[in-house]
Every structure is written in C-alpha cells, then in structure tokens.
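File shown here: final.cif, holding mmCIF, C-alpha atoms and all ligand atoms; chains and numbers go by the auth columns.
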```cif
data_query
#
loop_
_atom_site.group_PDB
_atom_site.id
_atom_site.type_symbol
_atom_site.label_atom_id
_atom_site.label_comp_id
_atom_site.label_asym_id
_atom_site.label_seq_id
_atom_site.Cartn_x
_atom_site.Cartn_y
_atom_site.Cartn_z
_atom_site.B_iso_or_equiv
_atom_site.auth_seq_id
_atom_site.auth_asym_id
ATOM 1 C CA MET A 1 94.879 114.486 110.932 0.00 211 A
ATOM 2 C CA SER A 2 97.187 115.627 108.143 0.00 212 A
ATOM 3 C CA TRP A 3 97.844 113.385 105.146 0.00 213 A
ATOM 4 C CA VAL A 4 101.465 113.147 106.265 0.00 214 A
ATOM 5 C CA SER A 5 100.585 111.770 109.705 0.00 215 A
ATOM 6 C CA TRP A 6 97.992 109.490 108.169 0.00 216 A
ATOM 7 C CA ALA A 7 100.567 108.122 105.707 0.00 217 A
ATOM 8 C CA HIS A 8 103.129 107.739 108.482 0.00 218 A
ATOM 9 C CA ASP A 9 100.709 105.669 110.559 0.00 219 A
ATOM 10 C CA VAL A 10 99.698 103.478 107.615 0.00 220 A
ATOM 11 C CA ALA A 11 103.310 102.782 106.643 0.00 221 A
ATOM 12 C CA ALA A 12 104.427 102.218 110.234 0.00 222 A
ATOM 13 C CA GLU A 13 101.647 99.716 110.812 0.00 223 A
ATOM 14 C CA LYS A 14 102.554 97.782 107.674 0.00 224 A
ATOM 15 C CA LEU A 15 106.357 97.903 107.796 0.00 225 A
ATOM 16 C CA ALA A 16 107.815 98.836 111.202 0.00 226 A
ATOM 17 C CA GLU A 17 107.590 95.375 112.754 0.00 227 A
ATOM 18 C CA SER A 18 107.645 93.086 109.747 0.00 228 A
ATOM 19 C CA LEU A 19 110.359 94.879 107.757 0.00 229 A
ATOM 20 C CA PRO A 20 112.306 97.221 110.057 0.00 230 A
ATOM 21 C CA ARG A 21 115.119 97.900 107.586 0.00 231 A
ATOM 22 C CA ARG A 22 112.636 98.799 104.851 0.00 232 A
ATOM 23 C CA TRP A 23 110.889 101.078 107.348 0.00 233 A
ATOM 24 C CA SER A 24 114.215 102.879 108.022 0.00 234 A
ATOM 25 C CA HIS A 25 114.630 103.381 104.279 0.00 235 A
ATOM 26 C CA VAL A 26 111.074 104.714 103.980 0.00 236 A
ATOM 27 C CA GLN A 27 111.599 107.194 106.819 0.00 237 A
ATOM 28 C CA GLY A 28 114.791 108.363 105.112 0.00 238 A
ATOM 29 C CA VAL A 29 112.944 108.864 101.825 0.00 239 A
ATOM 30 C CA ALA A 30 110.276 110.903 103.645 0.00 240 A
ATOM 31 C CA LYS A 31 112.972 113.032 105.258 0.00 241 A
ATOM 32 C CA ARG A 32 114.519 113.618 101.858 0.00 242 A
ATOM 33 C CA ALA A 33 111.109 114.706 100.553 0.00 243 A
ATOM 34 C CA ARG A 34 110.931 117.337 103.298 0.00 244 A
ATOM 35 C CA GLU A 35 114.094 118.920 101.879 0.00 245 A
ATOM 36 C CA LEU A 36 111.899 120.073 98.986 0.00 246 A
ATOM 37 C CA LYS A 37 109.693 122.306 101.110 0.00 247 A
ATOM 38 C CA ASP A 38 111.169 125.485 99.613 0.00 248 A
ATOM 39 C CA THR A 39 111.463 124.169 96.073 0.00 249 A
ATOM 40 C CA PRO A 40 109.221 126.178 93.752 0.00 250 A
ATOM 41 C CA GLY A 41 106.674 124.245 91.738 0.00 251 A
ATOM 42 C CA VAL A 42 106.914 121.110 93.877 0.00 252 A
ATOM 43 C CA ASP A 43 104.219 120.093 96.346 0.00 253 A
ATOM 44 C CA ALA A 44 106.612 118.770 98.980 0.00 254 A
ATOM 45 C CA GLU A 45 103.798 117.536 101.207 0.00 255 A
ATOM 46 C CA LEU A 46 102.421 115.334 98.435 0.00 256 A
ATOM 47 C CA VAL A 47 105.919 113.979 97.818 0.00 257 A
ATOM 48 C CA GLU A 48 106.298 113.206 101.524 0.00 258 A
ATOM 49 C CA VAL A 49 102.972 111.359 101.634 0.00 259 A
ATOM 50 C CA ALA A 50 103.969 109.306 98.585 0.00 260 A
ATOM 51 C CA ALA A 51 107.452 108.742 100.058 0.00 261 A
ATOM 52 C CA LEU A 52 105.977 107.332 103.263 0.00 262 A
ATOM 53 C CA LEU A 53 103.762 104.970 101.289 0.00 263 A
ATOM 54 C CA HIS A 54 105.928 104.091 98.277 0.00 264 A
ATOM 55 C CA ASP A 55 107.174 100.731 99.615 0.00 265 A
ATOM 56 C CA VAL A 56 104.110 99.693 101.622 0.00 266 A
ATOM 57 C CA GLY A 57 103.539 96.944 99.047 0.00 267 A
ATOM 58 C CA TYR A 58 106.515 95.042 100.470 0.00 268 A
ATOM 59 C CA ALA A 59 104.450 94.285 103.588 0.00 269 A
ATOM 60 C CA PRO A 60 104.053 90.502 103.727 0.00 270 A
ATOM 61 C CA ASP A 61 100.307 90.716 104.353 0.00 271 A
ATOM 62 C CA LEU A 62 99.822 92.869 101.227 0.00 272 A
ATOM 63 C CA ALA A 63 101.575 90.532 98.783 0.00 273 A
ATOM 64 C CA VAL A 64 98.954 89.545 96.214 0.00 274 A
ATOM 65 C CA VAL A 65 100.785 89.830 92.881 0.00 275 A
ATOM 66 C CA SER A 66 104.192 90.059 94.622 0.00 276 A
ATOM 67 C CA PHE A 67 105.186 93.136 92.642 0.00 277 A
ATOM 68 C CA HIS A 68 105.446 95.749 95.361 0.00 278 A
ATOM 69 C CA PRO A 69 104.505 98.921 93.406 0.00 279 A
ATOM 70 C CA VAL A 70 101.203 97.319 92.370 0.00 280 A
ATOM 71 C CA ASP A 71 100.504 95.549 95.654 0.00 281 A
ATOM 72 C CA GLY A 72 101.078 98.915 97.312 0.00 282 A
ATOM 73 C CA ALA A 73 98.911 100.878 94.869 0.00 283 A
ATOM 74 C CA ARG A 74 96.042 98.394 95.174 0.00 284 A
ATOM 75 C CA TYR A 75 96.142 98.506 98.936 0.00 285 A
ATOM 76 C CA LEU A 76 96.297 102.307 98.956 0.00 286 A
ATOM 77 C CA GLN A 77 93.312 102.459 96.649 0.00 287 A
ATOM 78 C CA SER A 78 91.414 100.137 98.983 0.00 288 A
ATOM 79 C CA ILE A 79 91.970 102.475 101.931 0.00 289 A
ATOM 80 C CA ASP A 80 91.041 105.599 99.923 0.00 290 A
ATOM 81 C CA ALA A 81 94.487 107.169 99.680 0.00 291 A
ATOM 82 C CA PRO A 82 94.629 110.299 97.498 0.00 292 A
ATOM 83 C CA GLY A 83 94.468 109.300 93.814 0.00 293 A
ATOM 84 C CA ARG A 84 97.742 110.931 92.842 0.00 294 A
ATOM 85 C CA VAL A 85 99.549 109.025 95.566 0.00 295 A
ATOM 86 C CA VAL A 86 98.139 105.718 94.301 0.00 296 A
ATOM 87 C CA HIS A 87 99.411 106.400 90.757 0.00 297 A
ATOM 88 C CA MET A 88 102.783 107.729 91.905 0.00 298 A
ATOM 89 C CA VAL A 89 103.354 104.627 94.036 0.00 299 A
ATOM 90 C CA ALA A 90 102.405 102.326 91.140 0.00 300 A
ATOM 91 C CA TYR A 91 105.018 103.950 88.896 0.00 301 A
ATOM 92 C CA HIS A 92 107.704 104.879 91.414 0.00 302 A
ATOM 93 C CA SER A 93 111.373 104.603 90.538 0.00 303 A
ATOM 94 C CA ALA A 94 111.094 102.945 87.146 0.00 304 A
ATOM 95 C CA ALA A 95 108.451 100.412 88.181 0.00 305 A
ATOM 96 C CA ARG A 96 107.459 100.256 84.492 0.00 306 A
ATOM 97 C CA GLN A 97 110.829 98.795 83.497 0.00 307 A
ATOM 98 C CA ASP A 98 110.885 96.529 86.551 0.00 308 A
ATOM 99 C CA ALA A 99 107.487 95.197 85.480 0.00 309 A
ATOM 100 C CA GLU A 100 108.666 94.691 81.895 0.00 310 A
ATOM 101 C CA VAL A 101 111.659 92.629 82.991 0.00 311 A
ATOM 102 C CA LEU A 102 109.288 90.444 85.020 0.00 312 A
ATOM 103 C CA GLY A 103 106.633 90.248 82.291 0.00 313 A
ATOM 104 C CA LEU A 104 104.150 92.011 84.572 0.00 314 A
ATOM 105 C CA GLU A 105 103.608 95.281 82.714 0.00 315 A
ATOM 106 C CA HIS A 106 99.878 94.570 82.255 0.00 316 A
ATOM 107 C CA LEU A 107 99.490 95.064 86.007 0.00 317 A
ATOM 108 C CA LEU A 108 100.261 98.743 85.510 0.00 318 A
ATOM 109 C CA ASP A 109 97.500 99.283 82.957 0.00 319 A
ATOM 110 C CA ALA A 110 95.134 100.448 85.668 0.00 320 A
ATOM 111 C CA TYR A 111 97.510 103.273 86.616 0.00 321 A
ATOM 112 C CA GLU A 112 99.064 106.282 84.994 0.00 322 A
ATOM 113 C CA ASP A 113 102.577 107.717 85.279 0.00 323 A
ATOM 114 C CA GLU A 114 101.790 111.393 85.806 0.00 324 A
ATOM 115 C CA LEU A 115 105.269 112.646 84.805 0.00 325 A
ATOM 116 C CA SER A 116 104.993 115.596 87.197 0.00 326 A
ATOM 117 C CA PRO A 117 107.578 117.379 89.354 0.00 327 A
ATOM 118 C CA GLU A 118 106.213 115.445 92.353 0.00 328 A
ATOM 119 C CA ARG A 119 106.611 112.128 90.549 0.00 329 A
ATOM 120 C CA ASP A 120 110.202 113.062 89.650 0.00 330 A
ATOM 121 C CA ALA A 121 110.799 114.111 93.239 0.00 331 A
ATOM 122 C CA LEU A 122 109.575 110.781 94.612 0.00 332 A
ATOM 123 C CA TRP A 123 111.978 108.956 92.283 0.00 333 A
ATOM 124 C CA TRP A 124 114.781 111.311 93.354 0.00 334 A
ATOM 125 C CA ALA A 125 114.077 110.879 97.084 0.00 335 A
ATOM 126 C CA ASP A 126 113.903 107.071 96.766 0.00 336 A
ATOM 127 C CA MET A 127 116.978 106.794 94.563 0.00 337 A
ATOM 128 C CA THR A 128 119.138 109.031 96.747 0.00 338 A
ATOM 129 C CA THR A 129 118.335 107.238 100.014 0.00 339 A
ATOM 130 C CA GLY A 130 120.123 104.095 101.144 0.00 340 A
ATOM 131 C CA PRO A 131 118.661 100.938 102.697 0.00 341 A
ATOM 132 C CA ASP A 132 119.077 102.274 106.238 0.00 342 A
ATOM 133 C CA GLY A 133 117.723 105.711 105.439 0.00 343 A
ATOM 134 C CA GLN A 134 121.072 107.389 104.857 0.00 344 A
ATOM 135 C CA THR A 135 121.536 109.910 102.031 0.00 345 A
ATOM 136 C CA PHE A 136 123.288 108.468 98.985 0.00 346 A
ATOM 137 C CA THR A 137 124.176 109.839 95.594 0.00 347 A
ATOM 138 C CA PHE A 138 122.122 108.340 92.773 0.00 348 A
ATOM 139 C CA GLN A 139 125.163 106.357 91.609 0.00 349 A
ATOM 140 C CA GLU A 140 125.844 105.004 95.120 0.00 350 A
ATOM 141 C CA ARG A 141 122.243 103.954 95.531 0.00 351 A
ATOM 142 C CA MET A 142 122.085 102.129 92.190 0.00 352 A
ATOM 143 C CA ALA A 143 125.382 100.339 92.931 0.00 353 A
ATOM 144 C CA GLU A 144 124.081 99.341 96.364 0.00 354 A
ATOM 145 C CA VAL A 145 120.829 97.918 94.965 0.00 355 A
ATOM 146 C CA LYS A 146 122.649 95.929 92.288 0.00 356 A
ATOM 147 C CA GLU A 147 125.071 94.556 94.849 0.00 357 A
ATOM 148 C CA ARG A 148 122.262 93.624 97.236 0.00 358 A
ATOM 149 C CA TYR A 149 120.296 91.730 94.574 0.00 359 A
ATOM 150 C CA GLY A 150 123.175 90.446 92.408 0.00 360 A
ATOM 151 C CA ALA A 151 123.927 91.358 88.788 0.00 361 A
ATOM 152 C CA GLU A 152 121.612 88.756 87.239 0.00 362 A
ATOM 153 C CA HIS A 153 118.551 89.535 89.333 0.00 363 A
ATOM 154 C CA PRO A 154 115.632 91.139 87.424 0.00 364 A
ATOM 155 C CA VAL A 155 115.918 94.220 89.658 0.00 365 A
ATOM 156 C CA SER A 156 119.519 94.733 88.540 0.00 366 A
ATOM 157 C CA ARG A 157 118.675 94.129 84.882 0.00 367 A
ATOM 158 C CA ALA A 158 115.813 96.615 85.169 0.00 368 A
ATOM 159 C CA ILE A 159 118.205 99.243 86.547 0.00 369 A
ATOM 160 C CA ASP A 160 120.362 98.956 83.436 0.00 370 A
ATOM 161 C CA ARG A 161 117.337 99.317 81.165 0.00 371 A
ATOM 162 C CA SER A 162 115.907 102.280 83.024 0.00 372 A
ATOM 163 C CA TRP A 163 119.127 104.105 83.875 0.00 373 A
ATOM 164 C CA ASP A 164 118.446 107.111 81.633 0.00 374 A
ATOM 165 C CA ASP A 165 114.862 107.574 82.855 0.00 375 A
ATOM 166 C CA ARG A 166 115.962 107.352 86.450 0.00 376 A
ATOM 167 C CA LEU A 167 118.820 109.779 86.007 0.00 377 A
ATOM 168 C CA ALA A 168 116.568 112.224 84.145 0.00 378 A
ATOM 169 C CA ALA A 169 114.095 112.321 87.054 0.00 379 A
ATOM 170 C CA VAL A 170 116.957 112.895 89.491 0.00 380 A
ATOM 171 C CA GLU A 171 118.473 115.663 87.365 0.00 381 A
ATOM 172 C CA ARG A 172 115.139 117.429 86.811 0.00 382 A
ATOM 173 C CA THR A 173 114.531 117.419 90.568 0.00 383 A
ATOM 174 C CA GLU A 174 118.014 118.715 91.324 0.00 384 A
ATOM 175 C CA ALA A 175 117.571 121.490 88.773 0.00 385 A
ATOM 176 C CA ARG A 176 114.285 122.497 90.450 0.00 386 A
ATOM 177 C CA ARG A 177 116.000 122.511 93.844 0.00 387 A
ATOM 178 C CA ASP A 178 118.819 124.743 92.598 0.00 388 A
ATOM 179 C CA HIS A 179 116.399 127.202 91.131 0.00 389 A
HETATM 180 FE FE FE B . 110.045 100.613 95.934 0.00 1 B
#
```

Go ahead and express the file in the form of structure tokens.
Amino acid sequence: MSWVSWAHDVAAEKLAESLPRRWSHVQGVAKRARELKDTPGVDAELVEVAALLHDVGYAPDLAVVSFHPVDGARYLQSIDAPGRVVHMVAYHSAARQDAEVLGLEHLLDAYEDELSPERDALWWADMTTGPDGQTFTFQERMAEVKERYGAEHPVSRAIDRSWDDRLAAVERTEARRDH
C-alpha cells in the first residue's frame, strides 16, 4: 500500500463520519497538494500524505491536549507515520503562533519545524483551500477562518500575528510552482 492510500484510510477513519465538513476540507487540501506533482524540488507525494493527515487531530477520539496539531502529531507518531509527516503536522499553518496565543507552545518542544519546500507547500495547500474543499486565495481563506471563529477568538488573533509567516510560505510555494 502506498503512503498516500495509507494516509487516506487513516484520515477517513478518523474524520469522515465524525467531522464530514473537515474531511471535505482535508480532501481538498490533498487535491491541492497533487497540483505540485510537476513542481521541481518539491516531493508532492510527501505533501499529499501530510495534507491528508494534517487535521486528523480534530478527531474527537484523539483530543488529549485539545490542540489539534499536537493531538494529530502524537497520534501519528503512535501509529508509526513517517517522521517528517509527524513534524510537518505539528507545525502546520502557523501552529507555533496558534500555540503561543493559547499558552501551549511547550507542547511543540518535542517537534521541529523543518522549514522545507514540502512544509511550505503543506501550509500553502491548507491556506488556499476552503472549509468545503474548494480552492480559495490565501486572503479569502484567512478572511473565511476569521469570520468562522470571530475576531476575538485565539485562532483569529493568531492569524494576525502570523500573517507574514503564512504569506511567505504561500509565496515561496507559488514561486516554486511558476519555475
Ligand atoms: Fe489544521
């Protein structure tokens, strides 16, 4: 079985029934990752595996610390997911700043943000995919998240703090795609 089908089955089992809308988003992010298959210097298959698994920590039965990047990373580690995927999930889409706003940054100490093209690409795919799996611009996606959570929610405050980091990952990925 390929890593992609393995990841698909893991994510489907955890999200399809309990969180169908989240599962639609995840499938959209994976589809976006596949658009990178001809992008030089990017391992699109690794990005797709990480995309399929990036939000698995939202699954109700995986909530231990109730911070989904870490709940996801811990679970993935427990089922022997590839190491890079574990670390990419822990740090996906500005999880560091999300954790800081919540006072949970110590939970990320066990993981490393690898700052690679694949890590950037996961952020890009997540942040240019809407809640139902549709393709959004980065700006549309950020506006949608803030509206969904409300301006005062920690998620929205974390977006403001991490805007430049997020945009940089998106722009680096788009530059690689245009190459
Ligand atoms: Fe996420």

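Remark: for A:Ser372, the closest of the candidate residues A:Thr249, A:Thr345, A:Gln307, A:Ser276 is A:Gln307 (distances computed over only C-alpha atoms).
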
Need the shell around stretch 349-357 of chain A: protein/DNA/RNA residues with any atom at most 8 Å away, counting all atoms listed in the file. Skip same-chain ones fewer than 5 positions apart. Format as a VMD selection string?
chain A and resid 337 to 340 365 to 366 369

Ranking A:Pro327, A:Pro279, A:Pro292, A:Pro341 by minimum distance to A:Val259 and counting all atoms listed in the file, which one comes first?
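Smallest distance to A:Val259 is found for A:Pro292.
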
When the PyMOL selection byres (((chain A and resi 306) around 12) and not hetatm) is applied to the file above, which residues end up in the set, as a PyMOL selection string?
chain A and resi 277-280+297-305+307-319+321-323+365+368-369+371-372+375-376

Take the residues from that selection and write them out as a PDB file, keeping the file's coordinate frame, keeping C-alpha atoms.
```pdb
ATOM      1  CA  PHE A 277     105.186  93.136  92.642  1.00  0.00           C
ATOM      2  CA  HIS A 278     105.446  95.749  95.361  1.00  0.00           C
ATOM      3  CA  PRO A 279     104.505  98.921  93.406  1.00  0.00           C
ATOM      4  CA  VAL A 280     101.203  97.319  92.370  1.00  0.00           C
ATOM      5  CA  HIS A 297      99.411 106.400  90.757  1.00  0.00           C
ATOM      6  CA  MET A 298     102.783 107.729  91.905  1.00  0.00           C
ATOM      7  CA  VAL A 299     103.354 104.627  94.036  1.00  0.00           C
ATOM      8  CA  ALA A 300     102.405 102.326  91.140  1.00  0.00           C
ATOM      9  CA  TYR A 301     105.018 103.950  88.896  1.00  0.00           C
ATOM     10  CA  HIS A 302     107.704 104.879  91.414  1.00  0.00           C
ATOM     11  CA  SER A 303     111.373 104.603  90.538  1.00  0.00           C
ATOM     12  CA  ALA A 304     111.094 102.945  87.146  1.00  0.00           C
ATOM     13  CA  ALA A 305     108.451 100.412  88.181  1.00  0.00           C
ATOM     14  CA  GLN A 307     110.829  98.795  83.497  1.00  0.00           C
ATOM     15  CA  ASP A 308     110.885  96.529  86.551  1.00  0.00           C
ATOM     16  CA  ALA A 309     107.487  95.197  85.480  1.00  0.00           C
ATOM     17  CA  GLU A 310     108.666  94.691  81.895  1.00  0.00           C
ATOM     18  CA  VAL A 311     111.659  92.629  82.991  1.00  0.00           C
ATOM     19  CA  LEU A 312     109.288  90.444  85.020  1.00  0.00           C
ATOM     20  CA  GLY A 313     106.633  90.248  82.291  1.00  0.00           C
ATOM     21  CA  LEU A 314     104.150  92.011  84.572  1.00  0.00           C
ATOM     22  CA  GLU A 315     103.608  95.281  82.714  1.00  0.00           C
ATOM     23  CA  HIS A 316      99.878  94.570  82.255  1.00  0.00           C
ATOM     24  CA  LEU A 317      99.490  95.064  86.007  1.00  0.00           C
ATOM     25  CA  LEU A 318     100.261  98.743  85.510  1.00  0.00           C
ATOM     26  CA  ASP A 319      97.500  99.283  82.957  1.00  0.00           C
ATOM     27  CA  TYR A 321      97.510 103.273  86.616  1.00  0.00           C
ATOM     28  CA  GLU A 322      99.064 106.282  84.994  1.00  0.00           C
ATOM     29  CA  ASP A 323     102.577 107.717  85.279  1.00  0.00           C
ATOM     30  CA  VAL A 365     115.918  94.220  89.658  1.00  0.00           C
ATOM     31  CA  ALA A 368     115.813  96.615  85.169  1.00  0.00           C
ATOM     32  CA  ILE A 369     118.205  99.243  86.547  1.00  0.00           C
ATOM     33  CA  ARG A 371     117.337  99.317  81.165  1.00  0.00           C
ATOM     34  CA  SER A 372     115.907 102.280  83.024  1.00  0.00           C
ATOM     35  CA  ASP A 375     114.862 107.574  82.855  1.00  0.00           C
ATOM     36  CA  ARG A 376     115.962 107.352  86.450  1.00  0.00           C
TER      37      ARG A 376
END
```

Within 10 Å of stretch 267-269 of chain A using all atoms listed in the file, minus same-chain residues under 2 positions, as number ranges by chain
A: 221, 223-229, 232, 263-265, 271-286, 299-300

A straight line from atom CA of A:Trp333 to atom CA of A:Ala379 spans 6.6 Å

Padding of 6 Å on every side, edges along x, y and z, all listed atoms of stretch 230-242 of chain A included: what centre and edge lengths in Å, to one decimal, does that box have, as lines of an AutoDock Vina configuration file?
```
center_x = 112.7
center_y = 105.4
center_z = 105.9
size_x = 16.8
size_y = 28.4
size_z = 20.2
```

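Distance annotation: of A:Asp219, A:Ala320, A:Lys247, A:Trp334, the residue with the minimal separation from ligand FE 1 (chain B) is A:Trp334; atom set is all atoms listed in the file.
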
Go through the shown structure with the PyMOL selection byres (((chain A and resi 258) around 7) and not hetatm) and write out the matching residues as JSON, numbers by chain.
{"A": [214, 240, 243, 244, 254, 255, 256, 257, 259, 260, 261, 262]}

Which residue of A:Phe348, A:Trp373, A:Trp213, A:Trp233 approaches ligand FE 1 (chain B) most closely, using all atoms listed in the file:
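That would be A:Trp233, the residue with the smallest distance to ligand FE 1 (chain B).
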
To one decimal in Å, tell me the separation between atom CA of A:Val239 and atom CA of A:His363.
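Straight-line distance from atom CA of A:Val239 to atom CA of A:His363 works out to 23.7 Å.
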
Restricting the calculation to only C-alpha atoms and all ligand atoms, which member of A:Glu245, A:Ser326, A:His235, A:Asp370 is positioned closest to ligand FE 1 (chain B)?
A:His235

Closest of A:Ala291, A:Leu332, A:Met211, A:Leu377 to A:Leu246 - atom-to-atom distances counting only C-alpha atoms
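So, comparing all the options, the nearest one is A:Leu332.
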